[in-house]
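Written below as structure tokens is the structure these notes are about.
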Amino acid sequence: MNAHAVAWLVPALPLFGALALALPRSERIAAYLTIACSALAFGLSVVVMAAVRSAGTLVLVSNWVQVDALSVLLLLLITFVSATAAVFSAGYIGPEYGSQRTRLYYANFNLFAFSMLSIPFIVEFGLVWIAVELTTLLSVLLVSFAGTREALEAAWKYMVLTLLGATVAVLGVLVLFWALHFTGSIDFTWAGLRAGAASMPLPLVKVAFALILVGYGAKIGLVPLHTWLPDAHSQAPAPVCALLSGVETTVVLYVLLRLRGVFLAVPAVHVQAWFAVLGLVSVGAAVLLIMQTHDFKRLFAFSTVEHMGIILVAASFATPLGDVSAVWQIMTHAVTKSFCFYAAGSALLVTGTRSIADVTGLLGRSKVTAAALLVGALAISGAPPFAVFLSELAIFRAGIVSHHYLVTGLLAAFVVAGFFGMLFQVTKMIFGRPAKSGRARPPLPVPCAIALGIAALPVIALGVWVPLSLIELLMRSAAALGG
Amino acid sequence: MTAWLYHLNALVLGLFILTAIAMVVVRQIGACLQIFVMQSLLLSASAFLLGGAPWSWHLFALGCVTIASKAVLIPWILRSLVPAQVYARRELSQSVGVPAALLSAFALLLVGYAVGMPLNAAAHSLSPGNVSLGIAGLLIALLQLAVRREAVPQILAILGMENGAFLVGIAIAPNFPLIAELAIAFDVPLLAFIVAILARAVYRETGSTEAGSLAALRELA
């Protein structure tokens, strides 16, 4: 089988998984089928990575569908998080929500994974917009899966705010196409837009940038458009949170980063300044919210807002080192945040509450869960020797080397404050005397423990050793950003 | 574009903006849905008129898909899946009263003009009216989203915003590759389906589809 066929199979597998679950009596195999499809998609993504490494960009449909190094990085992350989330779901969905609607859950899960996987493949910006809207539509029912009043509220808020953003963004997409029309080109791909950017009418480029930034900012969770994010993450099942936080927000940020190259060609747009300001505001606000939240799933949701801001700041440097550190942070955040939500889901299973104040002495109740929560909190807040530490260090270095002292200093201050805020909250849960619970809770299901183990591997391993092939992939991904 | 087509399009645009204002103030949810259908038909009419001379099959396809999706499929999905009692209800708990909503809508109409005209001056579009009134329609639908508390009018507000965006789109990007047709053909019916399922669940849980009353999630709970 050639590399092109393998590349097509990556998004096709979750789609096949979703369609297969439409068959009657497929409840019992739903979990296994989803795990198999996700794991196989990850394996095939590795094959695609090897092909892109040797042959460069794979063109599947010229000017519409192709895979370059940055796309491959996103494919690896989406399929890895999908696979671990599928394993975690096998132990989580039944005990937490009952087994009646599992087929519906897994069908929706696969469709959501398919929608996210389609984005890195598409290079035509109009179609990318449709794919981004599909990620919202196919994840709303996962957020509302619990069916409670709170879950419905969270899903409604998520849908309304992100669709509002999509509608604002579509006007930006149309205005950008209008601007491209003046260059004599109709090549509405990433490359075509970059090539024509300098000749586009300035007012149109400015309007398009503002609309797209606001529209996609809502989906990414940038402050002040972030309000849906903590609600959705507190109510959605933990594996869905891993997908939403670990890869969905990232994949939309990826779209914004692809467009950054277009807007950088028009200096009057001041894309670097906007990225730096919005990024810093998001990081600063998220750190304050981390310190005062009372719900440990919301805690990690605010951490996602923080990390989206950090990546945006790294992209604002617009230097090769800044771009490498931005894509590095995208990778480390995806693997670490998904692990954090598995740890939070495990804590919810073991304790039966999301309230930080009601969870004390977790170490005395479940050592695995307590260790996972501590490792997750340390890792996501940038402590050594975990993956995020190295990528954040690279961002600070990129900022200093490019003489962005004020931005780097503020970012460092916020990150350090976030570290202490996160630790303050999580240590309250882990140590101390175990709280007296009303009824005995079941032990952590085996699939959840397995998912935690698999998800922990890159969080720890990439903090002490980054393989040469991965460094090469990161460098080529950064080059694809076209800064 | 010939003069009579231009004038006919201006009439369509005037009616389009009237439907946008009506959707903000009309209280009955069933009537709101009917006005949305009329607005979508007017969007299609504008696409046909702009696509007639010079001929653009993109605009013609967009008009056809809009009729099929927004004037036929969406009302059918929403009426089939959302309980019938909802459509007979009069929404009495809007965040803003009718006079204030009307005044705000007229103010947004002026804002739409103020934003649209400089854009047209920067780069000529097929029809300046589409740009100004499309932006105004989008802003008025945003107002509708802010003042309505029921699930169906809220989502019709988002679809109304999309109608406004596409009213601009058909004048500035008549040869836009596929996005509008595909979005209207696939995304919008899927959106209506998901909304209807969610609204049904809200109705089952709370006895109404008043999404605005769902306010249990708070930061410092």
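Chain labels A, B, ... are given in the sequence in which chains occur in the structure tokens; within each chain residues are numbered consecutively from 1, and ligands are likewise numbered from 1 in the order shown.
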Leaving out Tyr203 in chain B and any residue of its chain fewer than 5 positions from it, which residues lie within 10 Å of it when counting only C-alpha atoms, given as a list in words?
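Non-adjacent residues within range: Val82, Pro83, Val86, Ala151, Ile197, Leu198, Ser208, Thr209, Glu210 and Ala211 of chain B.
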Residues of chain A within 6 Å of chain B, counting only C-alpha atoms, as number ranges by chain:
A: 126, 153, 167, 171, 174, 178
DSSP alpha helix (DSSP H) selection over range 204-445 of chain A, as a VMD selection string
chain A and resid 204 to 220 228 to 235 238 to 243 249 to 264 271 to 292 296 to 316 320 to 351 362 to 365 367 to 380 387 to 401 405 to 430
Just the number, please: distance in Å from CA of Gly116 in chain B to CA of Val175 in chain A, one decimal.
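Atom-to-atom, CA of Gly116 in chain B and CA of Val175 in chain A are spaced 11.8 Å apart.
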Any idea what's packed within 10 Å of Leu152 in chain A, counting only C-alpha atoms, ignoring anything in its chain fewer than 2 positions away? Could you give it as an MDAnalysis selection string?
(chainID A and resid 140:141 143:150 154:158 232 235:236) or (chainID B and resid 198:199 201:202 205 211 214)
Find the spatial neighbours of range 273-281 of chain A, counting only C-alpha atoms, within a cut-off of 12 Å - ignore same-chain residues fewer than 4 positions away - and output them as a VMD selection string.
chain A and resid 206 209 to 210 213 to 214 217 to 218 220 to 226 253 256 to 257 260 263 to 264 267 to 269 285 to 288 305 to 318 399 404 406 to 415
I need the residues from that last selection saved to file as a PDB file, in the first residue's frame (with C-alpha atoms), if you can.
ATOM      1  CA  LYS A 206      -7.412  44.199   8.346  1.00  0.00           C
ATOM      2  CA  PHE A 209      -7.869  39.419  10.287  1.00  0.00           C
ATOM      3  CA  ALA A 210     -10.094  40.978  12.967  1.00  0.00           C
ATOM      4  CA  LEU A 213      -9.181  36.304  15.133  1.00  0.00           C
ATOM      5  CA  VAL A 214     -12.413  36.987  17.037  1.00  0.00           C
ATOM      6  CA  GLY A 217     -10.553  33.045  19.297  1.00  0.00           C
ATOM      7  CA  ALA A 218     -13.933  31.982  20.678  1.00  0.00           C
ATOM      8  CA  ILE A 220      -9.733  28.356  20.988  1.00  0.00           C
ATOM      9  CA  GLY A 221     -10.881  29.800  24.317  1.00  0.00           C
ATOM     10  CA  LEU A 222      -8.930  33.061  24.264  1.00  0.00           C
ATOM     11  CA  VAL A 223      -9.925  35.530  26.990  1.00  0.00           C
ATOM     12  CA  PRO A 224     -12.532  37.127  26.985  1.00  0.00           C
ATOM     13  CA  LEU A 225     -14.206  34.582  24.690  1.00  0.00           C
ATOM     14  CA  HIS A 226     -13.315  31.615  26.902  1.00  0.00           C
ATOM     15  CA  LEU A 253      -5.152  27.252  16.922  1.00  0.00           C
ATOM     16  CA  LEU A 256      -4.794  30.528  13.139  1.00  0.00           C
ATOM     17  CA  LEU A 257      -1.060  29.761  13.027  1.00  0.00           C
ATOM     18  CA  ARG A 260      -0.302  33.990  10.637  1.00  0.00           C
ATOM     19  CA  PHE A 263      -0.997  38.317   7.832  1.00  0.00           C
ATOM     20  CA  LEU A 264       2.734  38.656   8.571  1.00  0.00           C
ATOM     21  CA  PRO A 267       2.953  44.600   8.447  1.00  0.00           C
ATOM     22  CA  ALA A 268       0.137  47.146   8.967  1.00  0.00           C
ATOM     23  CA  VAL A 269      -2.058  44.370  10.385  1.00  0.00           C
ATOM     24  CA  ALA A 285      -6.507  35.787  33.313  1.00  0.00           C
ATOM     25  CA  ALA A 286      -6.224  31.992  33.306  1.00  0.00           C
ATOM     26  CA  VAL A 287      -3.657  32.059  36.115  1.00  0.00           C
ATOM     27  CA  LEU A 288      -6.006  34.167  38.269  1.00  0.00           C
ATOM     28  CA  VAL A 305      -6.716  28.762  28.307  1.00  0.00           C
ATOM     29  CA  GLU A 306      -3.269  29.468  29.789  1.00  0.00           C
ATOM     30  CA  HIS A 307      -1.507  27.175  27.329  1.00  0.00           C
ATOM     31  CA  MET A 308      -3.353  28.512  24.285  1.00  0.00           C
ATOM     32  CA  GLY A 309      -2.104  31.934  25.375  1.00  0.00           C
ATOM     33  CA  ILE A 310       1.467  30.657  25.807  1.00  0.00           C
ATOM     34  CA  ILE A 311       1.456  29.178  22.279  1.00  0.00           C
ATOM     35  CA  LEU A 312       0.055  32.424  20.857  1.00  0.00           C
ATOM     36  CA  VAL A 313       2.830  34.401  22.578  1.00  0.00           C
ATOM     37  CA  ALA A 314       5.459  32.018  21.158  1.00  0.00           C
ATOM     38  CA  ALA A 315       3.956  32.488  17.686  1.00  0.00           C
ATOM     39  CA  SER A 316       4.060  36.267  18.151  1.00  0.00           C
ATOM     40  CA  PHE A 317       7.882  36.209  18.120  1.00  0.00           C
ATOM     41  CA  ALA A 318       7.724  35.126  14.458  1.00  0.00           C
ATOM     42  CA  GLY A 399      11.697  35.484  23.403  1.00  0.00           C
ATOM     43  CA  HIS A 404      11.061  40.542  23.322  1.00  0.00           C
ATOM     44  CA  LEU A 406       8.867  42.656  28.259  1.00  0.00           C
ATOM     45  CA  VAL A 407       6.630  39.999  26.710  1.00  0.00           C
ATOM     46  CA  THR A 408       8.958  37.193  27.835  1.00  0.00           C
ATOM     47  CA  GLY A 409       9.256  38.639  31.341  1.00  0.00           C
ATOM     48  CA  LEU A 410       5.475  38.941  31.745  1.00  0.00           C
ATOM     49  CA  LEU A 411       4.980  35.459  30.335  1.00  0.00           C
ATOM     50  CA  ALA A 412       7.552  33.995  32.734  1.00  0.00           C
ATOM     51  CA  ALA A 413       5.931  35.767  35.695  1.00  0.00           C
ATOM     52  CA  PHE A 414       2.484  34.428  34.764  1.00  0.00           C
ATOM     53  CA  VAL A 415       3.797  30.898  34.186  1.00  0.00           C
TER      54      VAL A 415
END
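You can rank B:Leu139, B:Ala196, B:Val152, B:Leu15 by their closest distance to Ile29 in chain B using only C-alpha atoms, and at the top of that list sits B:Val152.
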Identify which of the residues A:Thr304, A:Ser185, A:Ser115, A:Thr102 lies closest to Glu27 in chain A, counting only C-alpha atoms when measuring atom-to-atom distances.
A:Thr102
Can you list, as a ChimeraX atom specification, every protein, DNA or RNA residue that comes within 9 Å of Val255 in chain A when you count only C-alpha atoms, leaving out same-chain residues fewer than 5 positions away?
/A:119-120,125,128,216,250,260
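Proximity of A:Gly432, A:Gly463, A:Pro443, A:Gly322 to Ser346 in chain A, computed with only C-alpha atoms, is greatest for A:Pro443.
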For Arg89 in chain B, the nearest of the candidates B:Ala114, B:Leu41, B:Cys64, B:Val26, counting only C-alpha atoms
B:Val26
Give me the residues within 12 Å of Ser71 in chain A as JSON, numbers by chain, counting only C-alpha atoms and dropping any in the same chain fewer than 5 places off.
{"A": [7, 10, 45, 48, 49, 52, 56, 57, 58, 59, 65, 66, 76, 77, 78, 116, 117, 118, 119, 120, 121, 122, 123, 251, 254, 255, 258, 327, 473, 474, 476, 477, 478, 480, 481]}
Within 7 Å of Ile212 in chain A using only C-alpha atoms, minus same-chain residues under 4 positions, as number ranges by chain:
A: 169, 172, 208, 216
Dump of C-alpha atoms for the selected residues, as a PDB file, in the first residue's frame:
ATOM      1  CA  ALA A 169     -15.162  33.823  11.106  1.00  0.00           C
ATOM      2  CA  GLY A 172     -13.680  36.956   7.642  1.00  0.00           C
ATOM      3  CA  ALA A 208     -10.544  39.754   7.595  1.00  0.00           C
ATOM      4  CA  TYR A 216     -11.606  31.426  16.001  1.00  0.00           C
TER       5      TYR A 216
END
So what do you get for CA of Ala379 in chain A versus CA of His233 in chain A, distance-wise?
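Spanning CA of Ala379 in chain A to CA of His233 in chain A is a straight-line distance of 19.3 Å.
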Separation of CA of Thr79 in chain A from CA of Phe42 in chain A, in Å and rounded to one decimal
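If I compute the distance from CA of Thr79 in chain A to CA of Phe42 in chain A, I get 4.8 Å.
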